[in-house]
file data36.csv (CSV, C-alpha atoms)
chain,number,residue,atom,x,y,z
J,1,MET,CA,0.0,0.0,0.0
J,2,ASP,CA,1.4,3.4,-1.1
J,3,LEU,CA,0.3,5.4,1.9
J,4,ARG,CA,1.9,8.6,0.6
J,5,SER,CA,-0.3,8.7,-2.5
J,6,HIS,CA,-3.3,9.0,-0.1
J,7,ILE,CA,-2.0,12.2,1.5
J,8,ARG,CA,-3.2,15.5,-0.1
J,9,SER,CA,-0.7,18.4,-0.2
J,10,ILE,CA,-2.3,21.8,0.1
J,11,ARG,CA,-0.2,24.9,-0.5
J,12,ASP,CA,-0.3,28.0,1.7
J,13,PHE,CA,-2.4,26.4,4.5
J,14,PRO,CA,-2.7,27.5,7.2
J,15,THR,CA,-0.3,30.3,6.3
J,16,PRO,CA,1.5,31.4,3.1
J,17,GLY,CA,4.6,29.3,2.3
J,18,ILE,CA,3.4,26.2,4.2
J,19,VAL,CA,2.4,23.0,2.4
J,20,PHE,CA,-0.2,21.3,4.6
J,21,ARG,CA,-0.1,17.5,4.5
J,22,ASP,CA,-3.8,16.6,4.7
J,23,ILE,CA,-4.5,13.1,6.2
J,24,THR,CA,-8.3,13.3,5.6
J,25,THR,CA,-7.9,11.8,2.2
J,26,LEU,CA,-6.1,8.8,3.7
J,27,CYS,CA,-8.6,8.4,6.6
J,28,LYS,CA,-11.6,8.3,4.3
J,29,ASP,CA,-10.2,5.4,2.3
J,30,PRO,CA,-10.9,2.1,4.2
J,31,GLU,CA,-7.9,0.2,2.9
J,32,ALA,CA,-5.5,3.1,3.4
J,33,LEU,CA,-6.7,3.7,7.0
J,34,GLU,CA,-6.4,0.0,7.8
J,35,ALA,CA,-2.9,-0.1,6.3
J,36,ALA,CA,-1.8,3.0,8.2
J,37,VAL,CA,-3.1,1.6,11.5
J,38,ASP,CA,-1.4,-1.8,10.7
J,39,ALA,CA,1.9,-0.2,9.9
J,40,LEU,CA,1.8,1.9,13.1
J,41,THR,CA,1.0,-1.2,15.2
J,42,GLU,CA,3.2,-3.9,13.6
J,43,PRO,CA,6.6,-2.7,15.0
J,44,PHE,CA,5.3,-2.9,18.5
J,45,LEU,CA,3.4,-6.1,18.6
J,46,ASP,CA,6.0,-7.8,20.7
J,47,ASP,CA,6.9,-4.8,22.7
J,48,ARG,CA,4.4,-5.1,25.6
J,49,ILE,CA,3.0,-1.6,25.2
J,50,ASP,CA,0.8,-0.7,28.2
J,51,LYS,CA,-0.5,2.7,26.9
J,52,VAL,CA,-0.7,4.5,23.7
J,53,LEU,CA,-0.6,8.3,24.2
J,54,ALA,CA,-1.6,10.8,21.6
J,55,ALA,CA,-2.2,14.6,21.5
J,56,GLU,CA,-5.5,16.1,20.3
J,57,ALA,CA,-7.0,16.2,17.9
J,58,ARG,CA,-5.7,14.2,14.8
J,59,GLY,CA,-3.5,12.0,17.0
J,60,PHE,CA,-6.7,10.5,18.5
J,61,ILE,CA,-7.8,9.1,15.2
J,62,PHE,CA,-4.9,6.7,15.1
J,63,GLY,CA,-4.3,6.5,18.9
J,64,GLY,CA,-7.5,4.7,19.7
J,65,ALA,CA,-7.2,2.3,16.9
J,66,VAL,CA,-3.6,1.4,17.6
J,67,ALA,CA,-4.3,1.0,21.3
J,68,CYS,CA,-7.0,-1.5,20.5
J,69,ARG,CA,-4.7,-3.5,18.2
J,70,LEU,CA,-2.0,-3.6,20.9
J,71,ASP,CA,-4.3,-4.5,23.7
J,72,ALA,CA,-3.1,-1.3,25.4
J,73,GLY,CA,-5.0,1.6,27.1
J,74,PHE,CA,-5.3,4.9,25.4
J,75,VAL,CA,-4.2,8.2,27.0
J,76,PRO,CA,-5.3,11.6,25.5
J,77,VAL,CA,-3.1,14.6,25.8
J,78,ARG,CA,-5.1,17.7,25.7
J,79,LYS,CA,-5.0,21.5,25.6
J,80,PRO,CA,-5.3,23.2,29.0
J,81,GLY,CA,-8.8,23.3,30.5
J,82,LYS,CA,-10.1,20.2,28.8
J,83,LEU,CA,-9.2,17.5,31.3
J,84,PRO,CA,-11.5,17.3,34.3
J,85,ALA,CA,-9.3,15.7,36.9
J,86,ASP,CA,-5.9,16.5,38.4
J,87,ALA,CA,-3.5,17.0,35.5
J,88,LEU,CA,0.2,17.7,34.8
J,89,GLU,CA,1.1,20.3,32.2
J,90,ARG,CA,4.1,21.1,30.0
J,91,THR,CA,4.7,24.3,28.1
J,92,TYR,CA,7.0,24.3,25.1
J,93,GLU,CA,8.3,26.8,22.7
J,94,LEU,CA,7.0,27.3,19.2
J,95,GLU,CA,8.6,29.5,16.5
J,96,TYR,CA,6.5,32.3,17.7
J,97,GLY,CA,5.2,32.0,21.3
J,98,THR,CA,4.5,28.8,23.3
J,99,ASP,CA,2.0,26.0,23.5
J,100,THR,CA,0.9,23.9,26.5
J,101,VAL,CA,-0.3,20.3,26.7
J,102,THR,CA,-1.8,18.4,29.7
J,103,VAL,CA,-2.3,14.9,30.8
J,104,HIS,CA,-4.2,13.4,33.8
J,105,LYS,CA,-1.8,12.5,36.6
J,106,ASP,CA,-3.5,9.0,36.9
J,107,ALA,CA,-3.1,8.3,33.2
J,108,ILE,CA,0.1,6.3,33.5
J,109,GLU,CA,1.5,4.1,36.2
J,110,MET,CA,5.1,3.8,37.3
J,111,GLY,CA,7.1,1.6,34.9
J,112,GLU,CA,4.4,1.4,32.2
J,113,ARG,CA,5.7,1.2,28.6
J,114,VAL,CA,4.1,4.0,26.5
J,115,LEU,CA,3.9,4.4,22.8
J,116,VAL,CA,3.7,8.2,21.9
J,117,LEU,CA,1.7,8.5,18.7
J,118,ASP,CA,0.9,11.4,16.4
J,119,ASP,CA,-0.1,12.0,12.8
J,120,LEU,CA,2.7,14.4,12.1
J,121,LEU,CA,6.3,14.9,13.3
J,122,ALA,CA,7.3,18.5,12.4
J,123,THR,CA,9.4,20.5,14.8
J,124,GLY,CA,8.9,17.8,17.5
J,125,GLY,CA,7.7,20.2,20.2
J,126,THR,CA,4.5,18.5,21.0
J,127,ALA,CA,5.9,15.0,20.8
J,128,ARG,CA,8.9,16.0,23.1
J,129,ALA,CA,6.5,17.5,25.6
J,130,CYS,CA,4.4,14.3,25.5
J,131,CYS,CA,7.5,12.2,26.2
J,132,GLU,CA,8.4,14.4,29.1
J,133,LEU,CA,4.9,14.1,30.6
J,134,VAL,CA,5.2,10.3,30.3
J,135,GLU,CA,8.5,10.3,32.2
J,136,GLU,CA,7.3,12.8,34.8
J,137,LEU,CA,4.5,10.3,35.6
J,138,GLY,CA,7.1,7.4,35.9
J,139,GLY,CA,6.4,5.8,32.6
J,140,LEU,CA,8.9,4.7,30.0
J,141,VAL,CA,8.7,6.0,26.4
J,142,ALA,CA,8.9,2.7,24.4
J,143,ALA,CA,8.9,4.7,21.1
J,144,CYS,CA,7.4,7.5,19.2
J,145,ALA,CA,5.5,6.7,16.0
J,146,PHE,CA,4.2,9.1,13.3
J,147,LEU,CA,2.2,8.7,10.2
J,148,ILE,CA,4.1,11.5,8.5
J,149,GLU,CA,7.5,13.0,9.2
J,150,LEU,CA,8.8,16.3,7.8
J,151,SER,CA,12.5,15.5,7.9
J,152,PHE,CA,13.5,18.9,6.7
J,153,LEU,CA,12.5,20.1,10.2
J,154,PRO,CA,14.5,19.1,13.3
J,155,GLY,CA,11.8,17.0,14.9
J,156,ARG,CA,13.9,13.8,15.1
J,157,GLU,CA,16.7,15.7,16.8
J,158,LYS,CA,14.4,16.8,19.5
J,159,LEU,CA,13.4,13.2,20.0
J,160,SER,CA,17.0,11.9,19.9
J,161,ASP,CA,16.5,10.2,23.3
J,162,TYR,CA,13.8,7.9,21.9
J,163,LYS,CA,13.2,5.3,19.2
J,164,VAL,CA,11.3,7.1,16.4
J,165,ILE,CA,9.5,5.6,13.4
J,166,SER,CA,7.5,7.3,10.7
J,167,LEU,CA,5.6,5.9,7.7
J,168,ILE,CA,5.8,8.7,5.2
J,169,ASP,CA,8.7,11.2,4.9
J,170,TYR,CA,8.7,14.5,3.2
J,171,ALA,CA,12.3,15.7,2.8
J,172,SER,CA,11.4,19.1,1.6
J,173,GLU,CA,8.4,21.5,1.8
J,174,ASP,CA,8.0,21.3,-2.0
J,175,GLU,CA,8.1,17.5,-2.3
C,1,MET,CA,-18.1,-5.8,30.9
C,2,ASP,CA,-19.7,-3.0,33.1
C,3,LEU,CA,-18.6,0.0,31.0
C,4,ARG,CA,-20.4,2.4,33.3
C,5,SER,CA,-18.1,1.5,36.2
C,6,HIS,CA,-15.1,2.8,34.1
C,7,ILE,CA,-16.6,6.3,33.7
C,8,ARG,CA,-15.5,8.8,36.3
C,9,SER,CA,-18.0,11.5,37.3
C,10,ILE,CA,-16.6,14.8,38.3
C,11,ARG,CA,-18.8,17.5,39.9
C,12,ASP,CA,-18.7,21.1,38.9
C,13,PHE,CA,-16.7,20.7,35.7
C,14,PRO,CA,-16.4,22.6,33.5
C,15,THR,CA,-18.9,24.9,35.4
C,16,PRO,CA,-20.8,24.7,38.8
C,17,GLY,CA,-23.7,22.3,38.7
C,18,ILE,CA,-22.5,20.2,35.9
C,19,VAL,CA,-21.3,16.6,36.5
C,20,PHE,CA,-18.7,15.8,33.9
C,21,ARG,CA,-18.6,12.2,32.7
C,22,ASP,CA,-14.9,11.5,32.2
C,23,ILE,CA,-14.1,8.8,29.6
C,24,THR,CA,-10.3,8.9,30.2
C,25,THR,CA,-10.7,6.3,32.9
C,26,LEU,CA,-12.4,4.0,30.5
C,27,CYS,CA,-9.9,4.7,27.7
C,28,LYS,CA,-6.8,3.9,29.8
C,29,ASP,CA,-8.1,0.4,30.6
C,30,PRO,CA,-7.4,-1.9,27.7
C,31,GLU,CA,-10.3,-4.3,28.3
C,32,ALA,CA,-12.8,-1.5,28.8
C,33,LEU,CA,-11.6,0.4,25.7
C,34,GLU,CA,-11.8,-2.8,23.6
C,35,ALA,CA,-15.3,-3.6,25.0
C,36,ALA,CA,-16.5,-0.1,24.2
C,37,VAL,CA,-15.2,-0.3,20.6
C,38,ASP,CA,-16.7,-3.7,20.2
C,39,ALA,CA,-20.1,-2.6,21.5
C,40,LEU,CA,-20.1,0.5,19.2
C,41,THR,CA,-19.2,-1.7,16.3
C,42,GLU,CA,-21.3,-4.8,16.8
C,43,PRO,CA,-24.7,-3.4,15.9
C,44,PHE,CA,-23.4,-2.3,12.5
C,45,LEU,CA,-21.4,-5.3,11.3
C,46,ASP,CA,-24.0,-6.3,8.8
C,47,ASP,CA,-25.0,-2.7,7.9
C,48,ARG,CA,-22.6,-2.0,5.1
C,49,ILE,CA,-21.3,1.2,6.6
C,50,ASP,CA,-19.1,3.2,4.2
C,51,LYS,CA,-17.9,5.9,6.5
C,52,VAL,CA,-17.7,6.6,10.2
C,53,LEU,CA,-17.9,10.3,11.0
C,54,ALA,CA,-17.0,11.8,14.3
C,55,ALA,CA,-16.6,15.3,15.7
C,56,GLU,CA,-13.3,16.5,17.4
C,57,ALA,CA,-11.8,15.7,19.7
C,58,ARG,CA,-13.0,12.9,21.9
C,59,GLY,CA,-15.1,11.4,19.1
C,60,PHE,CA,-11.9,10.7,17.1
C,61,ILE,CA,-10.7,8.2,19.8
C,62,PHE,CA,-13.6,5.8,19.0
C,63,GLY,CA,-14.1,6.9,15.4
C,64,GLY,CA,-10.9,5.7,14.0
C,65,ALA,CA,-11.1,2.4,15.9
C,66,VAL,CA,-14.7,1.7,14.9
C,67,ALA,CA,-14.0,2.6,11.3
C,68,CYS,CA,-11.2,0.1,11.1
C,69,ARG,CA,-13.4,-2.6,12.6
C,70,LEU,CA,-16.2,-1.9,10.1
C,71,ASP,CA,-13.8,-1.7,7.1
C,72,ALA,CA,-15.1,1.8,6.6
C,73,GLY,CA,-13.3,5.1,6.0
C,74,PHE,CA,-13.1,7.7,8.8
C,75,VAL,CA,-14.3,11.3,8.4
C,76,PRO,CA,-13.3,14.0,10.9
C,77,VAL,CA,-15.7,16.8,11.6
C,78,ARG,CA,-13.8,19.8,12.9
C,79,LYS,CA,-14.1,23.3,14.3
C,80,PRO,CA,-13.8,26.1,11.7
C,81,GLY,CA,-10.3,26.9,10.3
C,82,LYS,CA,-8.9,23.4,10.8
C,83,LEU,CA,-9.7,21.6,7.5
C,84,PRO,CA,-7.4,22.6,4.7
C,85,ALA,CA,-9.6,21.9,1.6
C,86,ASP,CA,-13.1,23.0,0.5
C,87,ALA,CA,-15.5,22.5,3.4
C,88,LEU,CA,-19.2,22.7,4.3
C,89,GLU,CA,-20.1,24.2,7.6
C,90,ARG,CA,-23.1,24.1,9.9
C,91,THR,CA,-23.8,26.5,12.8
C,92,TYR,CA,-26.1,25.4,15.6
C,93,GLU,CA,-27.5,26.9,18.7
C,94,LEU,CA,-26.2,26.2,22.2
C,95,GLU,CA,-27.8,27.3,25.5
C,96,TYR,CA,-25.8,30.5,25.3
C,97,GLY,CA,-24.5,31.3,21.8
C,98,THR,CA,-23.7,29.1,18.8
C,99,ASP,CA,-21.2,26.6,17.7
C,100,THR,CA,-20.0,25.7,14.2
C,101,VAL,CA,-18.7,22.4,12.7
C,102,THR,CA,-17.2,21.8,9.3
C,103,VAL,CA,-16.5,18.8,7.1
C,104,HIS,CA,-14.6,18.5,3.8
C,105,LYS,CA,-17.0,18.5,0.8
C,106,ASP,CA,-15.2,15.5,-0.7
C,107,ALA,CA,-15.5,13.4,2.5
C,108,ILE,CA,-18.7,11.6,1.6
C,109,GLU,CA,-20.0,10.4,-1.8
C,110,MET,CA,-23.5,10.4,-2.9
C,111,GLY,CA,-25.5,7.5,-1.4
C,112,GLU,CA,-22.8,6.4,1.1
C,113,ARG,CA,-24.0,5.0,4.4
C,114,VAL,CA,-22.6,6.9,7.3
C,115,LEU,CA,-22.4,6.1,11.0
C,116,VAL,CA,-22.2,9.3,13.1
C,117,LEU,CA,-20.3,8.5,16.3
C,118,ASP,CA,-19.5,10.5,19.4
C,119,ASP,CA,-18.5,9.9,23.0
C,120,LEU,CA,-21.4,11.8,24.4
C,121,LEU,CA,-25.0,12.5,23.5
C,122,ALA,CA,-26.1,15.6,25.6
C,123,THR,CA,-28.3,18.2,23.9
C,124,GLY,CA,-27.7,16.7,20.5
C,125,GLY,CA,-26.7,19.9,18.8
C,126,THR,CA,-23.4,18.6,17.5
C,127,ALA,CA,-24.7,15.2,16.4
C,128,ARG,CA,-27.7,16.8,14.6
C,129,ALA,CA,-25.3,19.2,12.8
C,130,CYS,CA,-23.2,16.2,11.8
C,131,CYS,CA,-26.2,14.4,10.4
C,132,GLU,CA,-27.2,17.5,8.4
C,133,LEU,CA,-23.7,17.8,7.0
C,134,VAL,CA,-23.8,14.1,5.9
C,135,GLU,CA,-27.2,14.6,4.2
C,136,GLU,CA,-26.1,17.9,2.5
C,137,LEU,CA,-23.2,15.9,1.0
C,138,GLY,CA,-25.7,13.3,-0.3
C,139,GLY,CA,-24.9,10.6,2.3
C,140,LEU,CA,-27.4,8.6,4.3
C,141,VAL,CA,-27.2,8.5,8.1
C,142,ALA,CA,-27.3,4.8,8.9
C,143,ALA,CA,-27.3,5.5,12.6
C,144,CYS,CA,-25.9,7.6,15.4
C,145,ALA,CA,-23.9,5.8,18.1
C,146,PHE,CA,-22.7,7.2,21.5
C,147,LEU,CA,-20.7,5.8,24.3
C,148,ILE,CA,-22.7,7.8,26.8
C,149,GLU,CA,-26.2,9.3,26.7
C,150,LEU,CA,-27.5,11.9,29.1
C,151,SER,CA,-31.1,11.0,28.7
C,152,PHE,CA,-32.4,13.8,31.0
C,153,LEU,CA,-31.4,16.2,28.1
C,154,PRO,CA,-33.3,16.3,24.8
C,155,GLY,CA,-30.6,14.9,22.6
C,156,ARG,CA,-32.6,11.9,21.4
C,157,GLU,CA,-35.5,14.1,20.4
C,158,LYS,CA,-33.2,16.2,18.3
C,159,LEU,CA,-32.1,13.0,16.5
C,160,SER,CA,-35.7,11.6,16.1
C,161,ASP,CA,-35.2,11.2,12.4
C,162,TYR,CA,-32.4,8.7,13.0
C,163,LYS,CA,-31.6,5.4,14.6
C,164,VAL,CA,-29.8,6.1,17.8
C,165,ILE,CA,-27.9,3.7,20.1
C,166,SER,CA,-25.9,4.5,23.3
C,167,LEU,CA,-24.0,2.2,25.6
C,168,ILE,CA,-24.2,4.0,29.0
C,169,ASP,CA,-27.2,6.1,30.1
C,170,TYR,CA,-27.3,8.7,32.8
C,171,ALA,CA,-31.0,9.5,33.5
C,172,SER,CA,-30.2,12.4,35.8
C,173,GLU,CA,-27.3,14.7,36.5
C,174,ASP,CA,-26.9,13.3,40.0
C,175,GLU,CA,-26.8,9.6,39.0

call {"tool": "encode", "arguments": {"input": "data36.csv", "output": "structure tokens"}}
result
Amino acid sequence: MDLRSHIRSIRDFPTPGIVFRDITTLCKDPEALEAAVDALTEPFLDDRIDKVLAAEARGFIFGGAVACRLDAGFVPVRKPGKLPADALERTYELEYGTDTVTVHKDAIEMGERVLVLDDLLATGGTARACCELVEELGGLVAACAFLIELSFLPGREKLSDYKVISLIDYASEDE
Amino acid sequence: MDLRSHIRSIRDFPTPGIVFRDITTLCKDPEALEAAVDALTEPFLDDRIDKVLAAEARGFIFGGAVACRLDAGFVPVRKPGKLPADALERTYELEYGTDTVTVHKDAIEMGERVLVLDDLLATGGTARACCELVEELGGLVAACAFLIELSFLPGREKLSDYKVISLIDYASEDE
């Protein structure tokens, strides 16, 4: 299955100069969706993953499905103000400004093996913050897995402490 | 599997007087997550569902997993400004103010059977708007399925044109 052919590239979204990699064209195709979930699951079938953790919103699409396949629990990472119980938060730098992600303190138990999942690895800020939240809760980051990687951005460097896999790579903005 | 026992009820979130039904305690439990996805899937196994459609963000957790189980595509419904291609939008009334949901115009093809999924049926505004978007695109709403229903609110009335199932019912705010 050529997953890349199911991604739609849209120029100048959300801002001029950016090529947005649209996963909705992959998600709406049953075979492509299944193949993507399979490929995100397969490397971890023998890895005793306890929890799959993903950031809102697109990460949830694959997170729930991969968690089910791995017989793992699913942990949502959310924007501030969305989680109702006691939560940890982590603020990280963006090109302009900062962003904050939160997770329930009871989401992960000491020593649990956690797969951090997202649709896209770009600058790596969100994924790095997710990994730090996992570790602050006493969990172990088994790996980070992404549907798409933009390898012309330094995301993988920011995750150099972790095993990283991605299914589709764009080596330049224009590709 | 007693799914209800895996839901955490949190008083006065997000505002005083509201009891928030927290699904994160269900999602983090592998058996409960699997059982919920199974129960949301099972009624539709023979229903030739083409697409599962869910609104961000919590709906995505179950939407992707149920779509895979049904060999269907997944269609995300999003807040305005999030979808990169040509989109339809629908604005609906809340108790105070309005909310708007959007879907890509190419997400559903004429005559496709669509399962509208969400974690929670409350007043039904979001689900009703989702159904109207499906129909405006020429799709057929095969059913609406929810993990949780708050049956003391008029959500089911607002969906009276459709088949509706829910797995867990709260008949009062205090239950």

call {"tool": "atom_distance", "arguments": {"input": "data36.csv", "atom1": "CA of Gly17 (chain C)", "atom2": "CA of Arg78 (chain J)"}}
result
23.2 Å

call {"tool": "interface_residues", "arguments": {"input": "data36.csv", "of": "chain J", "to": "chain C", "cutoff": "8 Å", "atoms": "only C-alpha atoms", "output": "CSV table (one decimal) with C-alpha atoms, in the frame of the given file"}}
result
chain,number,residue,atom,x,y,z
J,10,ILE,CA,-2.3,21.8,0.1
J,13,PHE,CA,-2.4,26.4,4.5
J,14,PRO,CA,-2.7,27.5,7.2
J,20,PHE,CA,-0.2,21.3,4.6
J,22,ASP,CA,-3.8,16.6,4.7
J,24,THR,CA,-8.3,13.3,5.6
J,25,THR,CA,-7.9,11.8,2.2
J,27,CYS,CA,-8.6,8.4,6.6
J,28,LYS,CA,-11.6,8.3,4.3
J,29,ASP,CA,-10.2,5.4,2.3
J,30,PRO,CA,-10.9,2.1,4.2
J,31,GLU,CA,-7.9,0.2,2.9
J,33,LEU,CA,-6.7,3.7,7.0
J,34,GLU,CA,-6.4,0.0,7.8
J,51,LYS,CA,-0.5,2.7,26.9
J,56,GLU,CA,-5.5,16.1,20.3
J,57,ALA,CA,-7.0,16.2,17.9
J,58,ARG,CA,-5.7,14.2,14.8
J,60,PHE,CA,-6.7,10.5,18.5
J,61,ILE,CA,-7.8,9.1,15.2
J,62,PHE,CA,-4.9,6.7,15.1
J,63,GLY,CA,-4.3,6.5,18.9
J,64,GLY,CA,-7.5,4.7,19.7
J,65,ALA,CA,-7.2,2.3,16.9
J,66,VAL,CA,-3.6,1.4,17.6
J,67,ALA,CA,-4.3,1.0,21.3
J,68,CYS,CA,-7.0,-1.5,20.5
J,71,ASP,CA,-4.3,-4.5,23.7
J,72,ALA,CA,-3.1,-1.3,25.4
J,73,GLY,CA,-5.0,1.6,27.1
J,74,PHE,CA,-5.3,4.9,25.4
J,75,VAL,CA,-4.2,8.2,27.0
J,76,PRO,CA,-5.3,11.6,25.5
J,84,PRO,CA,-11.5,17.3,34.3
J,85,ALA,CA,-9.3,15.7,36.9
J,107,ALA,CA,-3.1,8.3,33.2

call {"tool": "residues_around", "arguments": {"input": "data36.csv", "residues": "Glu109 (chain J)", "least_positions_apart": "4", "cutoff": "8 Å", "atoms": "only C-alpha atoms", "output": "list in words"}}
result
Leu137, Gly138 and Gly139 of chain J

call {"tool": "atom_distance", "arguments": {"input": "data36.csv", "atom1": "CA of Val134 (chain J)", "atom2": "CA of Arg156 (chain J)"}}
result
17.9 Å

call {"tool": "closest_residue", "arguments": {"input": "data36.csv", "among": "J:Tyr170, J:Phe44, J:Tyr162, J:Tyr92", "to": "Thr126 (chain J)", "atoms": "only C-alpha atoms"}}
result
J:Tyr92

call {"tool": "closest_residue", "arguments": {"input": "data36.csv", "among": "C:His6, C:Lys158, C:Arg128, C:Lys163", "to": "Thr91 (chain C)", "atoms": "all atoms listed in the file"}}
result
C:Arg128

call {"tool": "atom_distance", "arguments": {"input": "data36.csv", "atom1": "CA of Ala87 (chain C)", "atom2": "CA of Glu136 (chain C)"}}
result
11.6 Å

call {"tool": "closest_residue", "arguments": {"input": "data36.csv", "among": "J:Val77, J:Ile7, J:Ala129, J:Met110", "to": "Thr98 (chain J)", "atoms": "only C-alpha atoms"}}
result
J:Ala129

call {"tool": "closest_residue", "arguments": {"input": "data36.csv", "among": "C:Leu121, C:Leu88, C:Leu140, C:Leu3", "to": "Arg48 (chain C)", "atoms": "all atoms listed in the file"}}
result
C:Leu140

call {"tool": "build_atoms", "arguments": {"input": "data36.csv", "residues": "region 102-119 of chain C", "atoms": "N, CA, C and O atoms", "output": "PDB file, keeping the file's coordinate frame"}}
result
ATOM      1  N   THR C 102     -17.458  21.780  10.772  1.00  0.00           N
ATOM      2  CA  THR C 102     -17.200  21.800   9.300  1.00  0.00           C
ATOM      3  C   THR C 102     -16.722  20.357   8.902  1.00  0.00           C
ATOM      4  O   THR C 102     -16.214  19.574   9.710  1.00  0.00           O
ATOM      5  N   VAL C 103     -16.919  20.076   7.622  1.00  0.00           N
ATOM      6  CA  VAL C 103     -16.500  18.800   7.100  1.00  0.00           C
ATOM      7  C   VAL C 103     -16.035  19.047   5.610  1.00  0.00           C
ATOM      8  O   VAL C 103     -16.606  19.918   4.926  1.00  0.00           O
ATOM      9  N   HIS C 104     -15.038  18.327   5.162  1.00  0.00           N
ATOM     10  CA  HIS C 104     -14.600  18.500   3.800  1.00  0.00           C
ATOM     11  C   HIS C 104     -15.735  18.041   2.822  1.00  0.00           C
ATOM     12  O   HIS C 104     -16.396  17.023   3.049  1.00  0.00           O
ATOM     13  N   LYS C 105     -15.891  18.804   1.738  1.00  0.00           N
ATOM     14  CA  LYS C 105     -17.000  18.500   0.800  1.00  0.00           C
ATOM     15  C   LYS C 105     -16.735  17.172   0.067  1.00  0.00           C
ATOM     16  O   LYS C 105     -17.683  16.553  -0.399  1.00  0.00           O
ATOM     17  N   ASP C 106     -15.474  16.732  -0.018  1.00  0.00           N
ATOM     18  CA  ASP C 106     -15.200  15.500  -0.700  1.00  0.00           C
ATOM     19  C   ASP C 106     -15.136  14.277   0.275  1.00  0.00           C
ATOM     20  O   ASP C 106     -14.685  13.191  -0.083  1.00  0.00           O
ATOM     21  N   ALA C 107     -15.612  14.494   1.510  1.00  0.00           N
ATOM     22  CA  ALA C 107     -15.500  13.400   2.500  1.00  0.00           C
ATOM     23  C   ALA C 107     -16.458  12.295   2.325  1.00  0.00           C
ATOM     24  O   ALA C 107     -16.193  11.159   2.731  1.00  0.00           O
ATOM     25  N   ILE C 108     -17.593  12.598   1.746  1.00  0.00           N
ATOM     26  CA  ILE C 108     -18.700  11.600   1.600  1.00  0.00           C
ATOM     27  C   ILE C 108     -19.186  11.648   0.177  1.00  0.00           C
ATOM     28  O   ILE C 108     -19.382  12.735  -0.374  1.00  0.00           O
ATOM     29  N   GLU C 109     -19.423  10.468  -0.397  1.00  0.00           N
ATOM     30  CA  GLU C 109     -20.000  10.400  -1.800  1.00  0.00           C
ATOM     31  C   GLU C 109     -21.457  10.136  -1.723  1.00  0.00           C
ATOM     32  O   GLU C 109     -21.976   9.559  -0.759  1.00  0.00           O
ATOM     33  N   MET C 110     -22.092  10.533  -2.793  1.00  0.00           N
ATOM     34  CA  MET C 110     -23.500  10.400  -2.900  1.00  0.00           C
ATOM     35  C   MET C 110     -23.955   8.921  -2.608  1.00  0.00           C
ATOM     36  O   MET C 110     -23.388   7.972  -3.144  1.00  0.00           O
ATOM     37  N   GLY C 111     -24.898   8.773  -1.704  1.00  0.00           N
ATOM     38  CA  GLY C 111     -25.500   7.500  -1.400  1.00  0.00           C
ATOM     39  C   GLY C 111     -24.676   6.652  -0.364  1.00  0.00           C
ATOM     40  O   GLY C 111     -25.118   5.559   0.014  1.00  0.00           O
ATOM     41  N   GLU C 112     -23.543   7.153   0.104  1.00  0.00           N
ATOM     42  CA  GLU C 112     -22.800   6.400   1.100  1.00  0.00           C
ATOM     43  C   GLU C 112     -23.535   6.328   2.430  1.00  0.00           C
ATOM     44  O   GLU C 112     -24.189   7.290   2.845  1.00  0.00           O
ATOM     45  N   ARG C 113     -23.383   5.189   3.106  1.00  0.00           N
ATOM     46  CA  ARG C 113     -24.000   5.000   4.400  1.00  0.00           C
ATOM     47  C   ARG C 113     -23.016   5.379   5.504  1.00  0.00           C
ATOM     48  O   ARG C 113     -21.922   4.833   5.572  1.00  0.00           O
ATOM     49  N   VAL C 114     -23.456   6.313   6.348  1.00  0.00           N
ATOM     50  CA  VAL C 114     -22.600   6.900   7.300  1.00  0.00           C
ATOM     51  C   VAL C 114     -23.024   6.667   8.747  1.00  0.00           C
ATOM     52  O   VAL C 114     -24.199   6.868   9.070  1.00  0.00           O
ATOM     53  N   LEU C 115     -22.102   6.205   9.571  1.00  0.00           N
ATOM     54  CA  LEU C 115     -22.400   6.100  11.000  1.00  0.00           C
ATOM     55  C   LEU C 115     -21.782   7.293  11.706  1.00  0.00           C
ATOM     56  O   LEU C 115     -20.581   7.563  11.620  1.00  0.00           O
ATOM     57  N   VAL C 116     -22.652   8.053  12.379  1.00  0.00           N
ATOM     58  CA  VAL C 116     -22.200   9.300  13.100  1.00  0.00           C
ATOM     59  C   VAL C 116     -21.951   8.847  14.556  1.00  0.00           C
ATOM     60  O   VAL C 116     -22.838   8.334  15.251  1.00  0.00           O
ATOM     61  N   LEU C 117     -20.717   9.060  14.992  1.00  0.00           N
ATOM     62  CA  LEU C 117     -20.300   8.500  16.300  1.00  0.00           C
ATOM     63  C   LEU C 117     -19.808   9.657  17.177  1.00  0.00           C
ATOM     64  O   LEU C 117     -19.209  10.631  16.706  1.00  0.00           O
ATOM     65  N   ASP C 118     -20.083   9.545  18.475  1.00  0.00           N
ATOM     66  CA  ASP C 118     -19.500  10.500  19.400  1.00  0.00           C
ATOM     67  C   ASP C 118     -19.367   9.831  20.772  1.00  0.00           C
ATOM     68  O   ASP C 118     -20.003   8.809  21.020  1.00  0.00           O
ATOM     69  N   ASP C 119     -18.563  10.428  21.643  1.00  0.00           N
ATOM     70  CA  ASP C 119     -18.500   9.900  23.000  1.00  0.00           C
ATOM     71  C   ASP C 119     -19.722  10.143  23.797  1.00  0.00           C
ATOM     72  O   ASP C 119     -20.126   9.349  24.618  1.00  0.00           O
TER      73      ASP C 119
END
